[in-house]
file coords-v1.pdb (PDB, C-alpha atoms)
ATOM      1  CA  MET A   1     115.120  85.862  92.615  1.00  0.00           C
ATOM      2  CA  ILE A   2     115.116  86.931  88.951  1.00  0.00           C
ATOM      3  CA  GLU A   3     118.649  88.377  88.897  1.00  0.00           C
ATOM      4  CA  THR A   4     120.003  85.380  90.822  1.00  0.00           C
ATOM      5  CA  LEU A   5     118.396  83.085  88.281  1.00  0.00           C
ATOM      6  CA  ARG A   6     119.728  85.115  85.335  1.00  0.00           C
ATOM      7  CA  GLU A   7     123.271  84.905  86.756  1.00  0.00           C
ATOM      8  CA  ALA A   8     122.972  81.190  87.517  1.00  0.00           C
ATOM      9  CA  LEU A   9     121.781  80.445  83.975  1.00  0.00           C
ATOM     10  CA  ALA A  10     124.637  82.496  82.489  1.00  0.00           C
ATOM     11  CA  ARG A  11     127.414  80.784  84.455  1.00  0.00           C
ATOM     12  CA  ARG A  12     126.227  77.153  84.382  1.00  0.00           C
ATOM     13  CA  SER A  13     127.379  74.613  81.851  1.00  0.00           C
ATOM     14  CA  ARG A  14     124.269  73.859  79.819  1.00  0.00           C
ATOM     15  CA  ARG A  15     123.741  70.398  78.334  1.00  0.00           C
ATOM     16  CA  ALA A  16     123.189  71.046  74.620  1.00  0.00           C
ATOM     17  CA  LEU A  17     122.452  67.886  72.652  1.00  0.00           C
ATOM     18  CA  PRO A  18     123.723  68.432  69.092  1.00  0.00           C
ATOM     19  CA  ASP A  19     121.960  65.615  67.270  1.00  0.00           C
ATOM     20  CA  ALA A  20     119.535  65.550  64.362  1.00  0.00           C
ATOM     21  CA  ARG A  21     116.314  64.774  66.233  1.00  0.00           C
ATOM     22  CA  PRO A  22     113.406  67.188  65.715  1.00  0.00           C
ATOM     23  CA  ARG A  23     113.502  70.063  68.176  1.00  0.00           C
ATOM     24  CA  ALA A  24     110.943  71.844  70.296  1.00  0.00           C
ATOM     25  CA  ALA A  25     111.179  74.785  72.694  1.00  0.00           C
ATOM     26  CA  VAL A  26     109.075  75.831  75.660  1.00  0.00           C
ATOM     27  CA  LEU A  27     108.844  79.181  77.416  1.00  0.00           C
ATOM     28  CA  VAL A  28     109.128  78.944  81.218  1.00  0.00           C
ATOM     29  CA  PRO A  29     107.567  82.260  82.332  1.00  0.00           C
ATOM     30  CA  ILE A  30     108.170  83.351  85.914  1.00  0.00           C
ATOM     31  CA  ILE A  31     105.871  86.195  86.886  1.00  0.00           C
ATOM     32  CA  GLU A  32     107.364  88.625  89.385  1.00  0.00           C
ATOM     33  CA  ASP A  33     105.222  91.731  89.015  1.00  0.00           C
ATOM     34  CA  GLY A  34     105.074  93.052  92.569  1.00  0.00           C
ATOM     35  CA  GLY A  35     102.900  90.196  93.844  1.00  0.00           C
ATOM     36  CA  ALA A  36     103.985  86.737  94.908  1.00  0.00           C
ATOM     37  CA  PRO A  37     106.272  85.146  92.278  1.00  0.00           C
ATOM     38  CA  ARG A  38     104.466  82.488  90.265  1.00  0.00           C
ATOM     39  CA  LEU A  39     104.928  80.202  87.313  1.00  0.00           C
ATOM     40  CA  LEU A  40     102.719  80.512  84.211  1.00  0.00           C
ATOM     41  CA  LEU A  41     101.440  77.221  82.778  1.00  0.00           C
ATOM     42  CA  THR A  42      98.775  75.893  80.442  1.00  0.00           C
ATOM     43  CA  ARG A  43      96.627  72.805  80.166  1.00  0.00           C
ATOM     44  CA  ARG A  44      96.560  71.522  76.617  1.00  0.00           C
ATOM     45  CA  THR A  45      93.244  70.676  74.966  1.00  0.00           C
ATOM     46  CA  THR A  46      92.329  67.001  75.134  1.00  0.00           C
ATOM     47  CA  HIS A  47      91.968  66.468  71.378  1.00  0.00           C
ATOM     48  CA  LEU A  48      95.638  67.177  70.571  1.00  0.00           C
ATOM     49  CA  SER A  49      97.543  64.187  69.207  1.00  0.00           C
ATOM     50  CA  SER A  50     100.581  64.958  71.369  1.00  0.00           C
ATOM     51  CA  HIS A  51     100.277  65.378  75.155  1.00  0.00           C
ATOM     52  CA  GLY A  52      96.548  66.176  74.999  1.00  0.00           C
ATOM     53  CA  GLY A  53      95.059  67.299  78.314  1.00  0.00           C
ATOM     54  CA  GLN A  54      98.451  67.644  79.986  1.00  0.00           C
ATOM     55  CA  VAL A  55      99.833  70.601  81.924  1.00  0.00           C
ATOM     56  CA  ALA A  56     102.643  72.196  79.948  1.00  0.00           C
ATOM     57  CA  PHE A  57     104.604  75.355  79.341  1.00  0.00           C
ATOM     58  CA  PRO A  58     103.705  77.282  76.192  1.00  0.00           C
ATOM     59  CA  GLY A  59     105.785  75.872  73.387  1.00  0.00           C
ATOM     60  CA  GLY A  60     106.111  73.590  70.418  1.00  0.00           C
ATOM     61  CA  ARG A  61     108.225  72.506  67.502  1.00  0.00           C
ATOM     62  CA  VAL A  62     111.081  74.688  66.280  1.00  0.00           C
ATOM     63  CA  ASP A  63     110.081  75.661  62.734  1.00  0.00           C
ATOM     64  CA  PRO A  64     112.510  76.287  59.841  1.00  0.00           C
ATOM     65  CA  GLY A  65     111.672  80.021  60.005  1.00  0.00           C
ATOM     66  CA  ASP A  66     112.662  80.291  63.684  1.00  0.00           C
ATOM     67  CA  ALA A  67     116.103  81.787  64.344  1.00  0.00           C
ATOM     68  CA  ASP A  68     116.700  79.475  67.327  1.00  0.00           C
ATOM     69  CA  ALA A  69     114.981  77.837  70.310  1.00  0.00           C
ATOM     70  CA  THR A  70     114.346  81.196  71.988  1.00  0.00           C
ATOM     71  CA  ASP A  71     112.661  82.525  68.869  1.00  0.00           C
ATOM     72  CA  ALA A  72     110.502  79.392  68.655  1.00  0.00           C
ATOM     73  CA  ALA A  73     109.482  79.580  72.337  1.00  0.00           C
ATOM     74  CA  LEU A  74     108.496  83.247  72.008  1.00  0.00           C
ATOM     75  CA  ARG A  75     106.530  82.573  68.813  1.00  0.00           C
ATOM     76  CA  GLU A  76     104.698  79.633  70.364  1.00  0.00           C
ATOM     77  CA  ALA A  77     103.868  81.614  73.528  1.00  0.00           C
ATOM     78  CA  PHE A  78     102.289  84.326  71.394  1.00  0.00           C
ATOM     79  CA  GLU A  79     100.355  81.780  69.320  1.00  0.00           C
ATOM     80  CA  GLU A  80      99.145  79.757  72.316  1.00  0.00           C
ATOM     81  CA  VAL A  81      98.431  82.385  74.989  1.00  0.00           C
ATOM     82  CA  ALA A  82      98.795  85.756  73.162  1.00  0.00           C
ATOM     83  CA  LEU A  83     101.903  86.715  75.167  1.00  0.00           C
ATOM     84  CA  PRO A  84     103.701  89.464  73.193  1.00  0.00           C
ATOM     85  CA  ARG A  85     107.494  89.278  72.982  1.00  0.00           C
ATOM     86  CA  ALA A  86     107.761  92.822  74.336  1.00  0.00           C
ATOM     87  CA  PHE A  87     106.591  91.584  77.769  1.00  0.00           C
ATOM     88  CA  VAL A  88     109.161  88.766  77.944  1.00  0.00           C
ATOM     89  CA  ASP A  89     112.630  89.175  79.482  1.00  0.00           C
ATOM     90  CA  VAL A  90     114.570  86.020  78.513  1.00  0.00           C
ATOM     91  CA  LEU A  91     116.869  84.932  81.358  1.00  0.00           C
ATOM     92  CA  GLY A  92     118.577  81.973  79.697  1.00  0.00           C
ATOM     93  CA  LEU A  93     118.288  78.362  78.598  1.00  0.00           C
ATOM     94  CA  LEU A  94     118.125  75.157  80.621  1.00  0.00           C
ATOM     95  CA  ASP A  95     119.456  71.787  79.466  1.00  0.00           C
ATOM     96  CA  ASP A  96     118.149  70.155  76.304  1.00  0.00           C
ATOM     97  CA  PHE A  97     115.866  67.262  77.231  1.00  0.00           C
ATOM     98  CA  PRO A  98     114.824  64.343  75.056  1.00  0.00           C
ATOM     99  CA  THR A  99     111.173  63.406  75.419  1.00  0.00           C
ATOM    100  CA  VAL A 100     110.544  60.105  77.221  1.00  0.00           C
ATOM    101  CA  ARG A 101     110.564  58.051  74.034  1.00  0.00           C
ATOM    102  CA  GLY A 102     113.505  60.059  72.707  1.00  0.00           C
ATOM    103  CA  GLU A 103     111.815  61.176  69.507  1.00  0.00           C
ATOM    104  CA  MET A 104     112.318  64.927  70.097  1.00  0.00           C
ATOM    105  CA  LEU A 105     114.631  67.310  71.960  1.00  0.00           C
ATOM    106  CA  VAL A 106     113.094  70.103  74.061  1.00  0.00           C
ATOM    107  CA  THR A 107     114.904  73.317  75.006  1.00  0.00           C
ATOM    108  CA  PRO A 108     113.403  75.239  77.966  1.00  0.00           C
ATOM    109  CA  VAL A 109     113.722  79.036  77.674  1.00  0.00           C
ATOM    110  CA  VAL A 110     113.448  80.622  81.133  1.00  0.00           C
ATOM    111  CA  ALA A 111     111.891  84.091  81.174  1.00  0.00           C
ATOM    112  CA  HIS A 112     110.680  86.832  83.502  1.00  0.00           C
ATOM    113  CA  LEU A 113     107.411  88.704  83.176  1.00  0.00           C
ATOM    114  CA  ALA A 114     107.470  91.977  85.150  1.00  0.00           C
ATOM    115  CA  GLU A 115     103.958  92.674  83.881  1.00  0.00           C
ATOM    116  CA  VAL A 116     101.319  90.311  82.548  1.00  0.00           C
ATOM    117  CA  PRO A 117      99.211  91.584  79.659  1.00  0.00           C
ATOM    118  CA  PRO A 118      95.727  90.160  79.082  1.00  0.00           C
ATOM    119  CA  LEU A 119      96.290  86.572  77.957  1.00  0.00           C
ATOM    120  CA  ARG A 120      94.004  84.573  75.692  1.00  0.00           C
ATOM    121  CA  ALA A 121      94.086  80.808  75.220  1.00  0.00           C
ATOM    122  CA  GLU A 122      94.212  79.606  71.607  1.00  0.00           C
ATOM    123  CA  PRO A 123      91.177  77.270  71.748  1.00  0.00           C
ATOM    124  CA  GLY A 124      92.647  74.744  69.332  1.00  0.00           C
ATOM    125  CA  GLU A 125      95.626  74.123  71.618  1.00  0.00           C
ATOM    126  CA  VAL A 126      95.077  75.512  75.119  1.00  0.00           C
ATOM    127  CA  ALA A 127      92.179  74.666  77.423  1.00  0.00           C
ATOM    128  CA  ARG A 128      93.360  76.748  80.390  1.00  0.00           C
ATOM    129  CA  ILE A 129      96.010  79.285  81.420  1.00  0.00           C
ATOM    130  CA  PHE A 130      96.909  79.304  85.127  1.00  0.00           C
ATOM    131  CA  THR A 131      99.710  80.010  87.585  1.00  0.00           C
ATOM    132  CA  ILE A 132     101.290  78.208  90.537  1.00  0.00           C
ATOM    133  CA  PRO A 133     102.930  80.242  93.340  1.00  0.00           C
ATOM    134  CA  ILE A 134     106.675  79.583  93.582  1.00  0.00           C
ATOM    135  CA  VAL A 135     106.378  79.361  97.380  1.00  0.00           C
ATOM    136  CA  GLU A 136     104.091  76.340  96.951  1.00  0.00           C
ATOM    137  CA  LEU A 137     106.429  74.697  94.429  1.00  0.00           C
ATOM    138  CA  ARG A 138     109.234  74.918  97.022  1.00  0.00           C
ATOM    139  CA  ARG A 139     107.292  72.742  99.502  1.00  0.00           C
ATOM    140  CA  ALA A 140     108.542  69.144  99.346  1.00  0.00           C
ATOM    141  CA  ASP A 141     105.316  67.881 100.969  1.00  0.00           C
ATOM    142  CA  ARG A 142     103.302  69.115  97.952  1.00  0.00           C
ATOM    143  CA  TRP A 143     105.202  66.866  95.530  1.00  0.00           C
ATOM    144  CA  ARG A 144     104.686  63.171  94.769  1.00  0.00           C
ATOM    145  CA  VAL A 145     107.225  60.888  93.098  1.00  0.00           C
ATOM    146  CA  GLN A 146     106.425  57.781  91.064  1.00  0.00           C
ATOM    147  CA  ASP A 147     108.783  55.392  89.309  1.00  0.00           C
ATOM    148  CA  TYR A 148     108.429  55.179  85.543  1.00  0.00           C
ATOM    149  CA  GLU A 149     109.844  52.528  83.255  1.00  0.00           C
ATOM    150  CA  GLU A 150     110.170  52.671  79.474  1.00  0.00           C
ATOM    151  CA  SER A 151     112.227  50.368  77.231  1.00  0.00           C
ATOM    152  CA  GLY A 152     114.097  48.877  80.169  1.00  0.00           C
ATOM    153  CA  ARG A 153     115.027  52.266  81.652  1.00  0.00           C
ATOM    154  CA  ARG A 154     113.668  53.503  84.972  1.00  0.00           C
ATOM    155  CA  TRP A 155     113.511  57.011  86.440  1.00  0.00           C
ATOM    156  CA  PRO A 156     111.404  59.073  88.854  1.00  0.00           C
ATOM    157  CA  ILE A 157     108.427  61.101  87.631  1.00  0.00           C
ATOM    158  CA  TYR A 158     107.574  64.166  89.744  1.00  0.00           C
ATOM    159  CA  LEU A 159     103.946  65.265  90.223  1.00  0.00           C
ATOM    160  CA  PHE A 160     102.518  68.433  91.766  1.00  0.00           C
ATOM    161  CA  ASP A 161      98.767  68.957  92.220  1.00  0.00           C
ATOM    162  CA  HIS A 162      97.401  72.504  92.237  1.00  0.00           C
ATOM    163  CA  ASP A 163      93.949  73.957  91.668  1.00  0.00           C
ATOM    164  CA  GLY A 164      92.617  70.844  89.940  1.00  0.00           C
ATOM    165  CA  GLU A 165      95.689  70.475  87.679  1.00  0.00           C
ATOM    166  CA  THR A 166      98.662  68.120  87.841  1.00  0.00           C
ATOM    167  CA  LEU A 167     102.099  69.315  86.808  1.00  0.00           C
ATOM    168  CA  TRP A 168     104.195  66.254  85.971  1.00  0.00           C
ATOM    169  CA  GLY A 169     106.738  64.679  83.633  1.00  0.00           C
ATOM    170  CA  LEU A 170     109.117  66.892  81.707  1.00  0.00           C
ATOM    171  CA  SER A 171     107.315  70.103  82.715  1.00  0.00           C
ATOM    172  CA  ALA A 172     107.712  69.182  86.389  1.00  0.00           C
ATOM    173  CA  TYR A 173     111.395  68.324  85.940  1.00  0.00           C
ATOM    174  CA  ILE A 174     111.983  71.653  84.188  1.00  0.00           C
ATOM    175  CA  THR A 175     110.230  73.442  87.072  1.00  0.00           C
ATOM    176  CA  LEU A 176     112.428  71.698  89.630  1.00  0.00           C
ATOM    177  CA  GLN A 177     115.574  72.472  87.629  1.00  0.00           C
ATOM    178  CA  VAL A 178     114.622  76.169  87.622  1.00  0.00           C
ATOM    179  CA  LEU A 179     114.058  76.100  91.394  1.00  0.00           C
ATOM    180  CA  ALA A 180     117.433  74.372  91.904  1.00  0.00           C
ATOM    181  CA  LEU A 181     119.137  77.408  90.341  1.00  0.00           C
ATOM    182  CA  THR A 182     117.600  79.896  92.792  1.00  0.00           C
ATOM    183  CA  GLU A 183     119.021  80.837  96.197  1.00  0.00           C
ATOM    184  CA  GLU A 184     116.405  78.782  98.055  1.00  0.00           C
ATOM    185  CA  GLY A 185     116.975  75.753  95.833  1.00  0.00           C
ATOM    186  CA  ALA A 186     114.633  72.928  94.852  1.00  0.00           C
ATOM    187  CA  PRO A 187     112.624  71.111  97.525  1.00  0.00           C
ATOM    188  CA  PHE A 188     114.793  67.996  97.024  1.00  0.00           C
ATOM    189  CA  THR A 189     117.847  66.851  95.075  1.00  0.00           C
ATOM    190  CA  LEU A 190     117.188  66.016  91.442  1.00  0.00           C
ATOM    191  CA  PRO A 191     118.744  63.080  89.609  1.00  0.00           C
ATOM    192  CA  PRO A 192     120.595  63.943  86.390  1.00  0.00           C
ATOM    193  CA  PRO A 193     118.330  64.491  83.373  1.00  0.00           C
ATOM    194  CA  TRP A 194     117.528  61.427  81.269  1.00  0.00           C
ATOM    195  CA  GLY A 195     118.713  60.882  77.726  1.00  0.00           C
TER     196      GLY A 195
END

call {"tool": "encode", "arguments": {"input": "coords-v1.pdb", "output": "structure tokens"}}
result
Amino acid sequence: MIETLREALARRSRRALPDARPRAAVLVPIIEDGGAPRLLLTRRTTHLSSHGGQVAFPGGRVDPGDADATDAALREAFEEVALPRAFVDVLGLLDDFPTVRGEMLVTPVVAHLAEVPPLRAEPGEVARIFTIPIVELRRADRWRVQDYEESGRRWPIYLFDHDGETLWGLSAYITLQVLALTEEGAPFTLPPPWG
């Protein structure tokens, strides 16, 4: 799966939005270490002003000292879950996504972890680190879809419940876009990204 995904990311035409909005980057870590492939996620602490309590990939704002989105995603993953860069094999970038209200652009950086070092949640930002098996994410019957409307626009929001957590919103869309690039594909056809 990892090499197929690397090749698919390299040959696809990526939507890069070249505007002046603030930027963020998230690391999308796929663990394939000899066991069942799984996706690494976090639940953010509830007191955060942005997306508190939500399931998310490690990530955050691209800082002026970051070389690019990949550099920012790797830095944030180390800060949030103590994932050293040396364990991360970057596969490629997905499309840039504006957040729902359009105030920020997010670049997902897809990566492979062949080995998972001991991880530690940064208590000021991360309440929990957990994984979801890819085989479960491929099951259409595990997903729910709700319509969402904001400023006169309407689009589907995807939700996936697992182990007391709910993956939804942009993180869910990113997950489904990753699955769509694998040989087995996503569990259903995705609409084009918003923004």

call {"tool": "closest_residue", "arguments": {"input": "coords-v1.pdb", "among": "A:Val116, A:Ala24, A:Ala72, A:Leu17", "to": "A:Phe87", "atoms": "all atoms listed in the file"}}
result
A:Val116

call {"tool": "closest_residue", "arguments": {"input": "coords-v1.pdb", "among": "A:Asp71, A:Gly35, A:Arg142, A:Ile134", "to": "A:Glu184", "atoms": "only C-alpha atoms"}}
result
A:Ile134

call {"tool": "closest_residue", "arguments": {"input": "coords-v1.pdb", "among": "A:Glu115, A:Asp147, A:Asp163, A:Glu79", "to": "A:Thr131", "atoms": "all atoms listed in the file"}}
result
A:Asp163

call {"tool": "atom_distance", "arguments": {"input": "coords-v1.pdb", "atom1": "atom CA of A:Pro123", "atom2": "atom CA of A:Thr45"}}
result
7.6 Å

call {"tool": "resolve_selection", "arguments": {"input": "coords-v1.pdb", "expression": "the PyMOL selection byres ((chain A and resi 188-193) around 9)", "output": "ChimeraX atom specification"}}
result
/A:95,97,138,140,155-156,173,176-177,180,185-187,194-195

call {"tool": "write_last_selection", "arguments": {"input": "coords-v1.pdb", "atoms": "C-alpha atoms", "output": "PDB file, in the coordinates of the input"}}
result
ATOM      1  CA  ASP A  95     119.456  71.787  79.466  1.00  0.00           C
ATOM      2  CA  PHE A  97     115.866  67.262  77.231  1.00  0.00           C
ATOM      3  CA  ARG A 138     109.234  74.918  97.022  1.00  0.00           C
ATOM      4  CA  ALA A 140     108.542  69.144  99.346  1.00  0.00           C
ATOM      5  CA  TRP A 155     113.511  57.011  86.440  1.00  0.00           C
ATOM      6  CA  PRO A 156     111.404  59.073  88.854  1.00  0.00           C
ATOM      7  CA  TYR A 173     111.395  68.324  85.940  1.00  0.00           C
ATOM      8  CA  LEU A 176     112.428  71.698  89.630  1.00  0.00           C
ATOM      9  CA  GLN A 177     115.574  72.472  87.629  1.00  0.00           C
ATOM     10  CA  ALA A 180     117.433  74.372  91.904  1.00  0.00           C
ATOM     11  CA  GLY A 185     116.975  75.753  95.833  1.00  0.00           C
ATOM     12  CA  ALA A 186     114.633  72.928  94.852  1.00  0.00           C
ATOM     13  CA  PRO A 187     112.624  71.111  97.525  1.00  0.00           C
ATOM     14  CA  TRP A 194     117.528  61.427  81.269  1.00  0.00           C
ATOM     15  CA  GLY A 195     118.713  60.882  77.726  1.00  0.00           C
TER      16      GLY A 195
END

call {"tool": "atom_distance", "arguments": {"input": "coords-v1.pdb", "atom1": "atom CA of A:Trp168", "atom2": "atom CA of A:Leu40"}}
result
14.4 Å

call {"tool": "resolve_selection", "arguments": {"input": "coords-v1.pdb", "expression": "the PyMOL selection byres ((chain A and resi 8) around 10)", "output": "ChimeraX atom specification"}}
result
/A:2-7,9-13,91-92,178,180-183

call {"tool": "resolve_selection", "arguments": {"input": "coords-v1.pdb", "expression": "the PyMOL selection byres ((chain A and resi 108) around 6)", "output": "PyMOL selection string"}}
result
chain A and resi 25-26+93-94+107+109

call {"tool": "closest_residue", "arguments": {"input": "coords-v1.pdb", "among": "A:Gly169, A:Leu27, A:Glu125, A:Val81", "to": "A:Tyr148", "atoms": "all atoms listed in the file"}}
result
A:Gly169

call {"tool": "atom_distance", "arguments": {"input": "coords-v1.pdb", "atom1": "atom CA of A:Phe78", "atom2": "atom CA of A:Asp19"}}
result
27.5 Å

call {"tool": "closest_residue", "arguments": {"input": "coords-v1.pdb", "among": "A:Val55, A:Leu39, A:Val106, A:Leu74", "to": "A:Pro22", "atoms": "all atoms listed in the file"}}
result
A:Val106

call {"tool": "closest_residue", "arguments": {"input": "coords-v1.pdb", "among": "A:Glu122, A:Glu136, A:Asp141, A:Glu149", "to": "A:Ala77", "atoms": "only C-alpha atoms"}}
result
A:Glu122

call {"tool": "residues_near_point", "arguments": {"input": "coords-v1.pdb", "point": "(96.6, 78.0, 92.5)", "cutoff": "10 Å", "atoms": "only C-alpha atoms", "output": "list in words"}}
result
Arg38, Phe130, Thr131, Ile132, Pro133, Glu136, Asp161, His162, Asp163, Gly164 and Glu165 of chain A

call {"tool": "axis_aligned_box", "arguments": {"input": "coords-v1.pdb", "around": "stretch 171-180 of chain A", "padding_each_side": "5 Å", "output": "AutoDock Vina command-line options"}}
result
--center_x 112.4 --center_y 72.2 --center_z 87.3 --size_x 20.1 --size_y 17.8 --size_z 19.2

call {"tool": "residues_around", "arguments": {"input": "coords-v1.pdb", "residues": "A:Thr42", "least_positions_apart": "2", "cutoff": "6 Å", "atoms": "all atoms listed in the file", "output": "list in words"}}
result
Val55, Ala56, Phe57, Arg128 and Ile129 of chain A

call {"tool": "decode", "arguments": {"input": "coords-v1.pdb", "residues": "stretch 66-149 of chain A", "atoms": "C-alpha atoms", "output": "tab-separated table (two decimals), in the first residue's frame"}}
result
chain	number	residue	atom	x	y	z
A	66	ASP	CA	9.61	26.60	8.62
A	67	ALA	CA	11.10	25.82	5.20
A	68	ASP	CA	7.73	24.67	3.83
A	69	ALA	CA	4.54	22.78	4.74
A	70	THR	CA	6.42	19.49	5.16
A	71	ASP	CA	8.86	21.10	7.57
A	72	ALA	CA	5.97	22.59	9.55
A	73	ALA	CA	4.08	19.27	9.73
A	74	LEU	CA	7.19	17.43	10.95
A	75	ARG	CA	7.92	20.12	13.55
A	76	GLU	CA	4.35	20.09	14.83
A	77	ALA	CA	4.28	16.28	15.03
A	78	PHE	CA	7.40	16.35	17.19
A	79	GLU	CA	5.98	19.11	19.40
A	80	GLU	CA	2.55	17.50	19.80
A	81	VAL	CA	3.30	13.76	20.03
A	82	ALA	CA	7.13	13.55	20.26
A	83	LEU	CA	7.43	11.88	16.84
A	84	PRO	CA	11.05	12.35	15.68
A	85	ARG	CA	11.63	13.25	12.03
A	86	ALA	CA	13.98	10.28	11.65
A	87	PHE	CA	10.99	7.89	11.95
A	88	VAL	CA	8.94	9.67	9.26
A	89	ASP	CA	9.07	8.74	5.56
A	90	VAL	CA	7.22	11.54	3.72
A	91	LEU	CA	5.23	10.13	0.79
A	92	GLY	CA	3.85	13.37	-0.66
A	93	LEU	CA	1.31	16.15	-0.32
A	94	LEU	CA	-2.45	16.15	-0.78
A	95	ASP	CA	-4.50	19.12	-2.00
A	96	ASP	CA	-4.48	22.40	-0.10
A	97	PHE	CA	-7.77	22.80	1.76
A	98	PRO	CA	-9.30	25.99	3.11
A	99	THR	CA	-10.88	25.58	6.53
A	100	VAL	CA	-14.69	25.74	6.56
A	101	ARG	CA	-14.80	29.48	7.15
A	102	GLY	CA	-11.94	30.00	4.70
A	103	GLU	CA	-9.65	31.79	7.12
A	104	MET	CA	-6.70	29.38	6.70
A	105	LEU	CA	-5.25	26.95	4.15
A	106	VAL	CA	-4.21	23.47	5.32
A	107	THR	CA	-1.68	21.27	3.52
A	108	PRO	CA	-1.81	17.54	4.41
A	109	VAL	CA	1.60	15.82	4.37
A	110	VAL	CA	1.14	12.05	3.94
A	111	ALA	CA	3.80	9.92	5.63
A	112	HIS	CA	4.73	6.33	6.43
A	113	LEU	CA	5.94	5.07	9.78
A	114	ALA	CA	7.71	1.70	9.45
A	115	GLU	CA	8.37	1.81	13.19
A	116	VAL	CA	6.62	3.74	15.93
A	117	PRO	CA	8.82	5.12	18.70
A	118	PRO	CA	7.34	5.78	22.14
A	119	LEU	CA	4.97	8.72	21.66
A	120	ARG	CA	4.06	11.29	24.29
A	121	ALA	CA	1.13	13.70	24.12
A	122	GLU	CA	1.98	17.36	24.75
A	123	PRO	CA	-0.57	17.99	27.54
A	124	GLY	CA	-1.23	21.58	26.53
A	125	GLU	CA	-2.43	20.50	23.08
A	126	VAL	CA	-3.13	16.76	22.90
A	127	ALA	CA	-5.49	14.82	25.15
A	128	ARG	CA	-5.05	11.44	23.44
A	129	ILE	CA	-2.99	9.67	20.77
A	130	PHE	CA	-4.72	6.73	19.06
A	131	THR	CA	-4.91	4.77	15.82
A	132	ILE	CA	-7.68	3.53	13.52
A	133	PRO	CA	-7.12	0.39	11.40
A	134	ILE	CA	-7.18	1.15	7.67
A	135	VAL	CA	-9.35	-1.93	7.09
A	136	GLU	CA	-12.06	-0.34	9.25
A	137	LEU	CA	-11.78	3.01	7.46
A	138	ARG	CA	-12.46	1.20	4.15
A	139	ARG	CA	-15.87	-0.03	5.37
A	140	ALA	CA	-18.63	2.22	4.00
A	141	ASP	CA	-21.05	1.02	6.70
A	142	ARG	CA	-18.80	2.54	9.41
A	143	TRP	CA	-19.16	6.06	7.99
A	144	ARG	CA	-21.98	8.57	8.47
A	145	VAL	CA	-22.65	11.59	6.25
A	146	GLN	CA	-24.37	14.80	7.33
A	147	ASP	CA	-25.11	17.91	5.30
A	148	TYR	CA	-23.43	21.10	6.48
A	149	GLU	CA	-24.28	24.64	5.48
